$ cat protein18.txt   # compact mmCIF, C-alpha atoms
# COMPACT_ATOMS: atom_id res chain seq x y z
CA MET A 1 0.00 0.00 0.00
CA GLU A 2 2.75 2.39 0.96
CA VAL A 3 4.65 1.54 -2.20
CA ALA A 4 1.55 2.13 -4.31
CA HIS A 5 0.90 5.44 -2.55
CA SER A 6 4.48 6.58 -3.06
CA LEU A 7 4.23 5.56 -6.72
CA LEU A 8 1.06 7.60 -7.09
CA VAL A 9 2.65 10.57 -5.38
CA SER A 10 5.70 10.41 -7.59
CA HIS A 11 3.42 10.00 -10.64
CA ASP A 12 1.59 13.19 -9.64
CA LYS A 13 4.87 14.95 -9.20
CA ILE A 14 5.97 13.84 -12.64
CA GLU A 15 2.70 15.15 -14.08
CA ILE A 16 3.21 18.51 -12.37
CA MET A 17 6.78 18.61 -13.60
CA MET A 18 5.66 17.82 -17.14
CA ALA A 19 3.02 20.58 -16.98
CA SER A 20 5.55 23.13 -15.77
CA ASN A 21 8.04 22.08 -18.41
CA SER A 22 5.63 22.77 -21.24
CA PRO A 23 6.72 26.12 -22.62
CA CYS A 24 4.26 28.95 -22.87
CA ALA A 25 3.11 30.18 -26.27
CA ALA A 26 5.59 33.04 -26.11
CA CYS A 27 8.63 30.91 -25.45
CA LYS A 28 7.48 28.40 -28.07
CA PHE A 29 7.21 31.20 -30.59
CA LEU A 30 10.53 32.74 -29.60
CA ARG A 31 12.14 29.27 -29.44
CA ARG A 32 13.62 29.74 -26.07
CA LYS A 33 13.52 27.96 -22.77
CA CYS A 34 10.50 28.81 -20.68
CA ASN A 35 11.82 29.59 -17.23
CA GLN A 36 9.91 29.46 -13.97
CA ASP A 37 9.84 33.24 -13.83
CA CYS A 38 8.78 33.75 -17.46
CA ILE A 39 6.63 36.88 -17.45
CA PHE A 40 4.56 35.71 -20.42
CA ALA A 41 3.75 32.23 -19.15
CA PRO A 42 0.64 33.04 -17.06
CA TYR A 43 -0.99 35.01 -19.90
CA PHE A 44 0.01 33.18 -23.05
CA PRO A 45 -0.93 29.53 -22.57
CA PRO A 46 0.49 27.08 -25.11
CA GLU A 47 -2.98 26.26 -26.44
CA GLU A 48 -3.42 29.83 -27.74
CA PRO A 49 -0.44 30.37 -30.02
CA HIS A 50 -2.18 33.01 -32.15
CA LYS A 51 -2.61 35.32 -29.20
CA PHE A 52 1.11 35.79 -28.72
CA ALA A 53 1.84 35.70 -32.44
CA ASN A 54 -0.50 38.66 -33.02
CA VAL A 55 0.78 40.62 -30.06
CA HIS A 56 4.36 40.01 -31.06
CA LYS A 57 3.69 41.06 -34.63
CA ILE A 58 2.20 44.41 -33.66
CA PHE A 59 3.89 45.36 -30.41
CA GLY A 60 6.96 43.16 -30.14
CA ALA A 61 7.85 40.91 -27.24
CA SER A 62 10.14 43.40 -25.54
CA ASN A 63 7.54 46.17 -25.61
CA VAL A 64 4.91 43.82 -24.19
CA SER A 65 7.33 42.78 -21.48
CA LYS A 66 7.97 46.44 -20.60
CA ILE A 67 4.24 47.18 -20.44
CA LEU A 68 3.64 44.16 -18.21
CA ASN A 69 6.44 45.18 -15.90
CA GLU A 70 4.93 48.64 -15.54
CA VAL A 71 1.52 47.43 -14.36
CA LEU A 72 0.63 45.68 -11.14
CA PRO A 73 0.52 41.86 -11.21
CA HIS A 74 -3.25 41.73 -10.75
CA GLN A 75 -3.70 44.02 -13.75
CA ARG A 76 -1.49 42.08 -16.13
CA GLU A 77 -4.12 39.70 -17.38
CA ASP A 78 -6.40 42.55 -18.41
CA ALA A 79 -3.47 44.36 -19.98
CA VAL A 80 -2.53 41.29 -22.03
CA ASN A 81 -6.11 40.74 -23.14
CA SER A 82 -6.50 44.35 -24.22
CA LEU A 83 -3.18 44.18 -26.10
CA ALA A 84 -4.32 40.98 -27.79
CA TYR A 85 -7.58 42.67 -28.79
CA GLU A 86 -5.79 45.69 -30.20
CA ALA A 87 -3.31 43.51 -32.05
CA GLU A 88 -6.07 41.44 -33.59
CA ALA A 89 -7.95 44.57 -34.61
CA ARG A 90 -4.82 46.00 -36.19
CA ILE A 91 -4.17 42.82 -38.14
CA LYS A 92 -7.75 42.82 -39.43
CA ASP A 93 -7.60 46.52 -40.27
CA PRO A 94 -3.99 47.61 -40.75
CA VAL A 95 -4.96 51.23 -41.41
CA TYR A 96 -7.24 52.06 -38.48
CA GLY A 97 -7.10 49.11 -36.09
CA CYS A 98 -9.41 49.49 -33.11
CA VAL A 99 -9.52 53.27 -33.63
CA GLY A 100 -11.99 52.52 -36.40
CA ALA A 101 -14.38 51.00 -33.87
CA ILE A 102 -14.06 54.09 -31.69
CA SER A 103 -14.96 56.29 -34.61
CA VAL A 104 -18.02 54.18 -35.47
CA LEU A 105 -19.23 54.20 -31.87
CA GLN A 106 -18.80 57.95 -31.58
CA ARG A 107 -20.84 58.53 -34.71
CA GLN A 108 -23.59 56.25 -33.42
CA LEU A 109 -23.61 58.11 -30.12
CA ILE A 110 -24.01 61.44 -31.86
CA ARG A 111 -26.83 60.08 -34.03
CA LEU A 112 -28.69 58.60 -31.05
CA GLN A 113 -28.26 61.76 -29.04
CA LYS A 114 -29.86 63.79 -31.83
CA GLU A 115 -32.71 61.31 -32.01
CA LEU A 116 -33.21 61.51 -28.26
CA ASP A 117 -33.23 65.30 -28.33
CA ALA A 118 -35.84 65.27 -31.08
CA THR A 119 -38.00 62.77 -29.18
CA ASN A 120 -37.76 64.81 -26.00
CA ALA A 121 -38.77 67.92 -27.91
CA ASP A 122 -41.83 66.07 -29.25
CA LEU A 123 -42.63 64.94 -25.73
CA ILE A 124 -42.57 68.48 -24.44
CA ARG A 125 -44.82 69.61 -27.22
CA PHE A 126 -47.27 66.80 -26.57
CA SER A 127 -47.23 67.30 -22.82
CA THR A 128 -47.96 71.01 -23.10
CA ASN A 129 -50.69 70.43 -25.72
CA GLN A 130 -52.26 67.59 -23.79
CA GLY A 131 -52.06 69.51 -20.54
CA SER A 132 -53.81 72.53 -21.95
CA SER A 133 -56.51 70.45 -23.63
CA PHE A 134 -57.20 68.41 -20.51
CA PHE A 135 -57.28 71.43 -18.29
CA ASN A 136 -59.87 73.03 -20.58
CA TYR A 137 -62.38 70.19 -20.21
CA PRO A 138 -63.31 70.62 -16.54
CA SER A 139 -63.70 74.40 -16.86
CA ASN A 140 -65.95 74.01 -19.94
CA TRP A 141 -67.94 71.30 -18.27
CA ASN A 142 -68.38 73.46 -15.20
CA ASN A 143 -69.50 76.38 -17.38
CA ASP A 144 -71.95 74.19 -19.24
CA SER A 145 -73.45 72.88 -16.05
CA MET B 1 59.05 111.98 -54.59
CA HIS B 2 57.12 115.14 -53.87
CA ILE B 3 54.58 115.13 -50.98
CA THR B 4 51.65 115.78 -53.31
CA GLU B 5 52.73 112.86 -55.44
CA ILE B 6 53.03 110.69 -52.35
CA ASN B 7 49.57 111.79 -51.17
CA GLY B 8 48.19 111.12 -54.61
CA SER B 9 49.62 107.65 -54.69
CA LEU B 10 48.32 107.00 -51.17
CA ARG B 11 44.86 108.12 -52.21
CA GLU B 12 44.95 105.86 -55.23
CA ARG B 13 46.09 103.01 -53.10
CA LYS B 14 43.17 103.61 -50.71
CA LYS B 15 40.71 103.71 -53.56
CA ARG B 16 42.09 100.51 -54.93
CA GLU B 17 41.82 98.85 -51.52
CA GLU B 18 38.24 100.06 -51.10
CA LYS B 19 37.31 98.71 -54.49
CA GLU B 20 38.79 95.35 -53.63
CA GLU B 21 36.93 95.26 -50.35
CA ASN B 22 33.68 96.10 -52.09
CA LYS B 23 34.28 93.36 -54.57
CA LYS B 24 34.95 90.88 -51.77
CA GLU B 25 31.78 91.98 -50.02
CA GLU B 26 29.79 91.46 -53.19
CA ARG B 27 31.27 88.05 -53.70
CA ARG B 28 30.36 87.10 -50.12
CA LYS B 29 26.78 88.30 -50.57
CA LYS B 30 26.46 86.38 -53.79
CA LYS B 31 27.60 83.21 -52.07
CA THR B 32 25.08 83.54 -49.25
CA ARG B 33 22.32 84.29 -51.73
CA LYS B 34 23.24 81.22 -53.72
CA LYS B 35 23.20 79.04 -50.63
CA LYS B 36 19.76 80.27 -49.63
CA GLU B 37 18.40 79.61 -53.09
CA GLU B 38 19.86 76.14 -53.09
CA LYS B 39 18.22 75.39 -49.77
CA LYS B 40 14.83 76.51 -51.08
CA CYS B 41 15.18 74.32 -54.16
CA VAL B 42 16.02 71.26 -52.11
CA THR B 43 13.08 71.66 -49.73
CA THR B 44 10.51 72.15 -52.48
CA THR B 45 11.60 69.09 -54.41
CA GLN B 46 11.40 66.88 -51.32
CA THR B 47 8.20 65.81 -49.53
CA PRO B 48 6.34 68.56 -47.70
CA MET B 49 7.15 67.35 -44.22
CA ALA B 50 10.88 66.85 -44.69
CA SER B 51 13.49 69.44 -45.18
CA SER B 52 16.95 68.68 -46.32
CA ASN B 53 18.63 70.12 -43.29
CA SER B 54 16.12 69.43 -40.51
CA PRO B 55 15.82 65.74 -39.62
CA CYS B 56 12.37 64.28 -38.99
CA ALA B 57 11.26 63.55 -35.46
CA ALA B 58 12.02 59.86 -35.88
CA CYS B 59 15.59 60.36 -36.99
CA LYS B 60 16.12 62.97 -34.30
CA PHE B 61 14.89 60.51 -31.72
CA LEU B 62 16.91 57.64 -33.13
CA ARG B 63 19.92 59.93 -33.55
CA ARG B 64 20.57 59.03 -37.10
CA LYS B 65 20.93 60.87 -40.35
CA CYS B 66 17.59 61.64 -41.96
CA GLN B 67 17.91 60.40 -45.50
CA PRO B 68 15.84 61.83 -48.34
CA GLU B 69 14.08 58.48 -48.66
CA CYS B 70 13.35 58.21 -44.90
CA ALA B 71 10.06 56.33 -44.47
CA PHE B 72 9.11 58.24 -41.32
CA ALA B 73 9.85 61.74 -42.53
CA PRO B 74 6.46 62.49 -44.16
CA TYR B 75 4.53 61.44 -41.07
CA PHE B 76 6.68 62.51 -38.14
CA PRO B 77 7.53 66.18 -38.58
CA PRO B 78 10.28 67.60 -36.40
CA ASP B 79 7.84 69.89 -34.60
CA GLN B 80 5.95 66.91 -33.12
CA PRO B 81 8.60 64.92 -31.29
CA GLN B 82 6.16 63.40 -28.82
CA LYS B 83 4.23 61.64 -31.57
CA PHE B 84 7.13 59.47 -32.59
CA ALA B 85 8.32 59.02 -29.05
CA ASN B 86 4.94 57.54 -28.06
CA VAL B 87 4.68 55.32 -31.12
CA HIS B 88 8.22 54.06 -30.68
CA ARG B 89 7.65 53.32 -27.04
CA ILE B 90 4.56 51.21 -27.63
CA PHE B 91 5.08 49.68 -31.04
CA GLY B 92 8.76 50.09 -31.84
CA ALA B 93 10.24 51.73 -34.92
CA SER B 94 10.83 48.47 -36.80
CA ASN B 95 7.24 47.29 -36.31
CA VAL B 96 5.95 50.64 -37.52
CA THR B 97 8.17 50.40 -40.59
CA LYS B 98 6.85 46.92 -41.37
CA LEU B 99 3.26 48.08 -40.91
CA LEU B 100 3.74 51.08 -43.19
CA ASN B 101 5.47 49.04 -45.85
CA ASP B 102 2.45 46.75 -46.05
CA LEU B 103 0.17 49.67 -46.89
CA HIS B 104 -0.43 51.83 -49.90
CA PRO B 105 1.24 55.24 -49.68
CA HIS B 106 -2.10 57.05 -49.50
CA GLN B 107 -3.12 55.00 -46.45
CA ARG B 108 0.04 55.55 -44.47
CA GLU B 109 -0.85 58.90 -42.97
CA ASP B 110 -4.08 57.59 -41.50
CA ALA B 111 -2.30 54.49 -40.26
CA VAL B 112 0.37 56.56 -38.52
CA ASN B 113 -2.21 58.82 -36.94
CA SER B 114 -4.22 55.87 -35.65
CA LEU B 115 -1.05 54.28 -34.28
CA ALA B 116 -0.17 57.56 -32.58
CA TYR B 117 -3.63 57.69 -31.04
CA GLU B 118 -3.41 54.09 -29.81
CA ALA B 119 0.02 54.72 -28.38
CA GLU B 120 -1.18 57.81 -26.56
CA MET B 121 -4.18 55.97 -25.12
CA ARG B 122 -1.97 53.11 -24.01
CA LEU B 123 0.41 55.48 -22.27
CA ARG B 124 -2.49 57.19 -20.51
CA ASP B 125 -4.01 53.85 -19.49
CA PRO B 126 -1.38 51.11 -19.55
CA VAL B 127 -3.88 48.40 -18.62
CA TYR B 128 -6.73 48.98 -21.09
CA GLY B 129 -5.54 51.54 -23.63
CA CYS B 130 -7.99 52.05 -26.50
CA VAL B 131 -10.07 49.11 -25.35
CA GLY B 132 -11.08 51.14 -22.32
CA VAL B 133 -12.38 53.87 -24.58
CA ILE B 134 -14.35 51.34 -26.63
CA SER B 135 -15.84 49.87 -23.50
CA LEU B 136 -16.86 53.28 -22.23
CA LEU B 137 -18.43 54.23 -25.54
CA GLN B 138 -20.38 50.97 -25.68
CA HIS B 139 -21.71 51.64 -22.19
CA GLN B 140 -22.72 55.16 -23.20
CA LEU B 141 -24.41 53.77 -26.27
CA ARG B 142 -26.41 51.28 -24.23
CA GLN B 143 -27.54 54.05 -21.87
CA LEU B 144 -28.62 56.25 -24.76
CA GLN B 145 -30.50 53.40 -26.40
CA MET B 146 -32.40 52.77 -23.19
CA ASP B 147 -33.21 56.44 -22.78
CA LEU B 148 -34.37 56.65 -26.36
CA TYR B 149 -36.58 53.62 -25.96
CA CYS B 150 -38.20 55.09 -22.86
CA ALA B 151 -38.71 58.44 -24.52
CA LYS B 152 -40.25 56.84 -27.60
CA SER B 153 -42.60 54.69 -25.59
CA GLU B 154 -43.72 57.73 -23.62
CA LEU B 155 -44.24 59.61 -26.86
CA SER B 156 -46.32 56.84 -28.33
CA ARG B 157 -48.44 56.87 -25.17
CA TYR B 158 -49.12 60.56 -25.63
CA GLN B 159 -49.89 60.03 -29.28
CA ASN B 160 -52.34 57.27 -28.48
CA LEU B 161 -54.02 59.43 -25.86
CA SER B 162 -54.42 62.27 -28.32
CA ILE B 163 -55.83 59.87 -30.91
CA ALA B 164 -58.31 58.59 -28.36
CA ALA B 165 -59.19 62.13 -27.34
CA THR B 166 -59.90 63.19 -30.91
CA THR B 167 -61.87 60.06 -31.84
CA GLY B 168 -63.67 59.63 -28.49
CA HIS B 169 -66.69 61.74 -27.16
CA GLY B 170 -65.90 64.15 -24.30
CA LEU B 171 -63.87 63.00 -21.33
CA MET B 172 -62.20 59.63 -21.38
CA THR B 173 -63.56 57.01 -19.03
CA ASN B 174 -61.39 54.66 -17.02
CA GLU B 175 -62.19 51.82 -19.37
CA SER B 176 -61.07 53.79 -22.40
CA VAL B 177 -57.82 54.78 -20.67
CA ALA B 178 -57.16 51.13 -19.90
CA ALA B 179 -57.90 50.26 -23.50
CA VAL B 180 -55.48 52.89 -24.69
CA ASN B 181 -52.82 51.56 -22.37
CA ASN B 182 -53.36 48.04 -23.64
CA TYR B 183 -53.17 49.34 -27.19
CA HIS B 184 -49.96 51.12 -26.25
CA HIS B 185 -48.48 47.91 -24.88
CA THR B 186 -49.24 45.91 -27.98
CA GLN B 187 -47.95 48.67 -30.21
CA ASN B 188 -44.74 48.74 -28.23
CA THR B 189 -44.19 45.05 -28.44
CA THR B 190 -44.61 45.03 -32.19
CA ALA B 191 -43.11 48.34 -33.21
CA VAL B 192 -40.23 49.16 -30.94
CA VAL B 193 -38.05 46.35 -29.75
CA GLY B 194 -40.14 43.21 -29.40
CA GLY B 195 -40.14 42.60 -25.69
CA ASN B 196 -42.39 43.34 -22.75
CA SER B 197 -42.82 46.89 -21.67
CA ASN B 198 -43.37 46.95 -17.97
CA GLY B 199 -43.02 50.59 -17.09
CA ARG B 200 -40.07 52.45 -15.79
CA ASP B 201 -39.15 50.61 -12.65
CA HIS B 202 -35.82 48.99 -11.96
CA HIS B 203 -37.10 45.59 -13.02
CA TYR B 204 -37.97 47.01 -16.41
CA HIS B 205 -34.53 48.50 -16.82
CA HIS B 206 -32.93 45.22 -15.84
CA ARG B 207 -34.98 43.31 -18.40
CA HIS B 208 -34.34 46.02 -20.91
CA HIS B 209 -30.69 45.08 -20.95
CA GLN B 210 -31.72 41.84 -22.56
CA PHE B 211 -33.40 43.64 -25.43
CA PHE B 212 -30.23 45.18 -26.76
CA PRO B 213 -27.81 42.31 -27.17
CA ASN B 214 -28.76 41.97 -30.83
CA GLN B 215 -28.13 45.63 -31.43
CA GLN B 216 -24.86 45.41 -29.59
CA ASN B 217 -23.91 42.43 -31.67
CA ASN B 218 -24.63 44.50 -34.72
CA ILE B 219 -22.24 47.16 -33.48
CA VAL B 220 -19.59 44.56 -32.81
CA ARG B 221 -20.29 42.77 -36.10
CA ASN B 222 -19.97 46.01 -38.00
CA PHE B 223 -16.60 46.54 -36.38
CA ASP B 224 -15.41 43.02 -37.09
CA GLY B 225 -16.81 42.61 -40.54
CA GLY B 226 -16.90 45.97 -42.12
CA ILE B 227 -13.86 47.84 -40.98
CA GLY B 228 -12.21 48.31 -44.28
CA ASN B 229 -15.40 48.77 -46.25
CA ASN B 230 -17.83 50.81 -44.25
CA TYR B 231 -15.74 53.79 -43.29
CA ASP B 232 -15.92 57.07 -45.02
CA THR B 233 -12.26 57.95 -44.85
CA SER B 234 -12.93 61.64 -45.20
CA LEU B 235 -15.13 61.50 -42.09
CA LEU B 236 -12.69 59.32 -40.26
CA ALA B 237 -10.44 62.34 -40.08
CA MET B 238 -7.68 61.38 -37.80
CA ASN B 239 -8.40 64.54 -35.86
CA ILE B 240 -9.02 62.33 -32.90
CA SER B 241 -9.09 65.18 -30.44
CA ALA B 242 -12.06 66.71 -32.29
CA SER B 243 -14.04 63.49 -32.22
CA LEU B 244 -13.14 62.99 -28.57
CA GLY B 245 -14.39 66.52 -27.99
CA GLN B 246 -17.69 65.60 -29.62
CA PHE B 247 -17.75 62.48 -27.47
CA ASN B 248 -17.39 64.66 -24.39
CA GLN B 249 -20.32 66.80 -25.54
CA VAL B 250 -22.41 63.68 -26.02
CA GLN B 251 -21.47 62.56 -22.53
CA HIS B 252 -22.55 65.92 -21.15
CA HIS B 253 -25.86 65.88 -23.00
CA SER B 254 -26.73 62.34 -22.02
CA ALA B 255 -25.91 63.07 -18.40
CA ALA B 256 -27.97 66.23 -18.41
CA GLY B 257 -30.92 65.36 -20.61
CA GLY B 258 -31.13 61.63 -21.13
CA GLY B 259 -31.21 60.20 -17.65
CA GLY B 260 -33.41 60.67 -14.67
CA GLU B 261 -36.97 59.79 -13.94
CA ASP B 262 -38.68 62.61 -15.75
CA ARG B 263 -38.32 61.94 -19.42
CA ARG B 264 -39.89 65.26 -20.33
CA THR B 265 -36.99 67.37 -19.19
CA VAL B 266 -34.73 68.50 -21.95
CA ASN B 267 -31.48 70.28 -21.46
CA ARG B 268 -31.12 72.61 -24.37
CA SER B 269 -27.70 73.85 -23.35

$ encode --input "protein18.txt" --output "structure tokens"
Amino acid sequence: MEVAHSLLVSHDKIEIMMASNSPCAACKFLRRKCNQDCIFAPYFPPEEPHKFANVHKIFGASNVSKILNEVLPHQREDAVNSLAYEAEARIKDPVYGCVGAISVLQRQLIRLQKELDATNADLIRFSTNQGSSFFNYPSNWNNDS
Amino acid sequence: MHITEINGSLRERKKREEKEENKKEERRKKKTRKKKEEKKCVTTTQTPMASSNSPCAACKFLRRKCQPECAFAPYFPPDQPQKFANVHRIFGASNVTKLLNDLHPHQREDAVNSLAYEAEMRLRDPVYGCVGVISLLQHQLRQLQMDLYCAKSELSRYQNLSIAATTGHGLMTNESVAAVNNYHHTQNTTAVVGGNSNGRDHHYHHRHHQFFPNQQNNIVRNFDGGIGNNYDTSLLAMNISASLGQFNQVQHHSAAGGGGEDRRTVNRS
């Protein structure tokens, strides 16, 4: 029993070792050894090679590393995801990237705001017209009676 | 020699010296004039942003000689050093060069300006960059859509009441008001969005969120699918500060006029 248990424990250890030995997507791409303290490893898992490939193509590994070192550890995942999003947008649209989306959204905001202003103006007109017409009824009715 | 002869020869010598000096002065002036003209010729034949003597912002930053065929010179003028500094810090000069080389020459200016904007946003917000702006705009858009929906439903209620008042006889009874409200509900479900309209309480607003995912998907789909095709490049002037200024106005208007319980208030400022 003890032998079996120790075998199981060592098997688990081997599995853990194998998992930690698998290089992250960044180190695979850069063809280098993935160390324990690799800054990319937590954010670029080996099953998402395109994520790092895109980010590397647009920003470059060293720039990404600098950005990650400038932010706090709990913010790094969001930073990487936003960089990946921007990189993907830039690859899809090399001229405008995600700035194109910003422009589209701003135009839609302006259009909706105009529509809202027009609707509110109509509402005011209706409310004043309705108010005056409803207020007339009781006074007329009272006069008639 | 007699004194007068000596004086005469001295005077002649002086005159000759003055003439020579004048000639030298003229030659010097001619040279400087020539140099100035040469400079002018060189700058006009080159691209508008580059001058032969003044290196572009990129070459100044990289401390290298700015060649006539410098790829950065047309887009990074020497009077905007921060632009290249930001772009270089986020993207790197070599990546920018590769990006520009993949584009047509007429697209490069817009590309550089969008890169400069992204770099600036990333420096202001190292975690989210431009994505933070997109997220904020999407949130603003959702708010405006909700406000517009509420305003339109209120307007249709008024319209239905006025229709009932003109077609009905005298004052409306309770039954007719209820009928109008029911009519309003069915009209809303068919005409506006397609969901239930339950009034303006919190529950309604919560459900209302569910009515917009399709519209949001359209926004996202337009971004994903139509980037290169749907933009009017003249409108997409890379005067990003102007469009951000408009965005700030929109923010102000929606905060002042679009929210709140009373949908009838309008801020005309």

$ atom_distance --input "protein18.txt" --atom1 "atom CA of Pro73 of chain A" --atom2 "atom CA of Pro45 of chain A"
16.8 Å

$ residues_near_point --input "protein18.txt" --point "(2.5, 35.5, -30.4)" --cutoff "10 Å" --atoms "only C-alpha atoms" --output "list in words"
Ala25, Ala26, Cys27, Lys28, Phe29, Leu30, Phe44, Glu48, Pro49, His50, Lys51, Phe52, Ala53, Asn54, Val55, His56, Lys57, Ile58, Phe59, Gly60, Ala61 and Ala84 of chain A

$ interface_residues --input "protein18.txt" --of "chain B" --to "chain A" --cutoff "6 Å" --atoms "all atoms listed in the file" --output "list in words"
Phe91, Ala111, Ser114, Val127, Tyr128, Ile134, Leu141, Leu148, Leu155, Phe223 and Arg264 of chain B

$ write_last_selection --input "protein18.txt" --atoms "C-alpha atoms" --output "compact mmCIF listing (two decimals), in the coordinates of the input"
# COMPACT_ATOMS: atom_id res chain seq x y z
CA PHE B 91 5.08 49.68 -31.04
CA ALA B 111 -2.30 54.49 -40.26
CA SER B 114 -4.22 55.87 -35.65
CA VAL B 127 -3.88 48.40 -18.62
CA TYR B 128 -6.73 48.98 -21.09
CA ILE B 134 -14.35 51.34 -26.63
CA LEU B 141 -24.41 53.77 -26.27
CA LEU B 148 -34.37 56.65 -26.36
CA LEU B 155 -44.24 59.61 -26.86
CA PHE B 223 -16.60 46.54 -36.38
CA ARG B 264 -39.89 65.26 -20.33

$ atom_distance --input "protein18.txt" --atom1 "atom CA of Leu115 of chain B" --atom2 "atom CA of Ala41 of chain A"
27.2 Å

$ atom_distance --input "protein18.txt" --atom1 "atom CA of Pro55 of chain B" --atom2 "atom CA of Phe72 of chain B"
10.2 Å

$ closest_residue --input "protein18.txt" --among "B:Cys56, B:Val112, B:Met146, B:Ile90" --to "Gly129 of chain B" --atoms "all atoms listed in the file"
B:Ile90

$ residues_around --input "protein18.txt" --residues "Phe84 of chain B" --least-positions-apart "2" --cutoff "12 Å" --atoms "all atoms listed in the file" --output "PyMOL selection string"
chain B and resi 56-62+72-82+86-93+96+112-113+115-117+119-120

$ axis_aligned_box --input "protein18.txt" --around "segment 88-106 of chain B" --padding-each-side "8 Å" --output "lines of an AutoDock Vina configuration file"
center_x = 4.4
center_y = 51.9
center_z = -38.5
size_x = 28.9
size_y = 26.3
size_z = 38.9
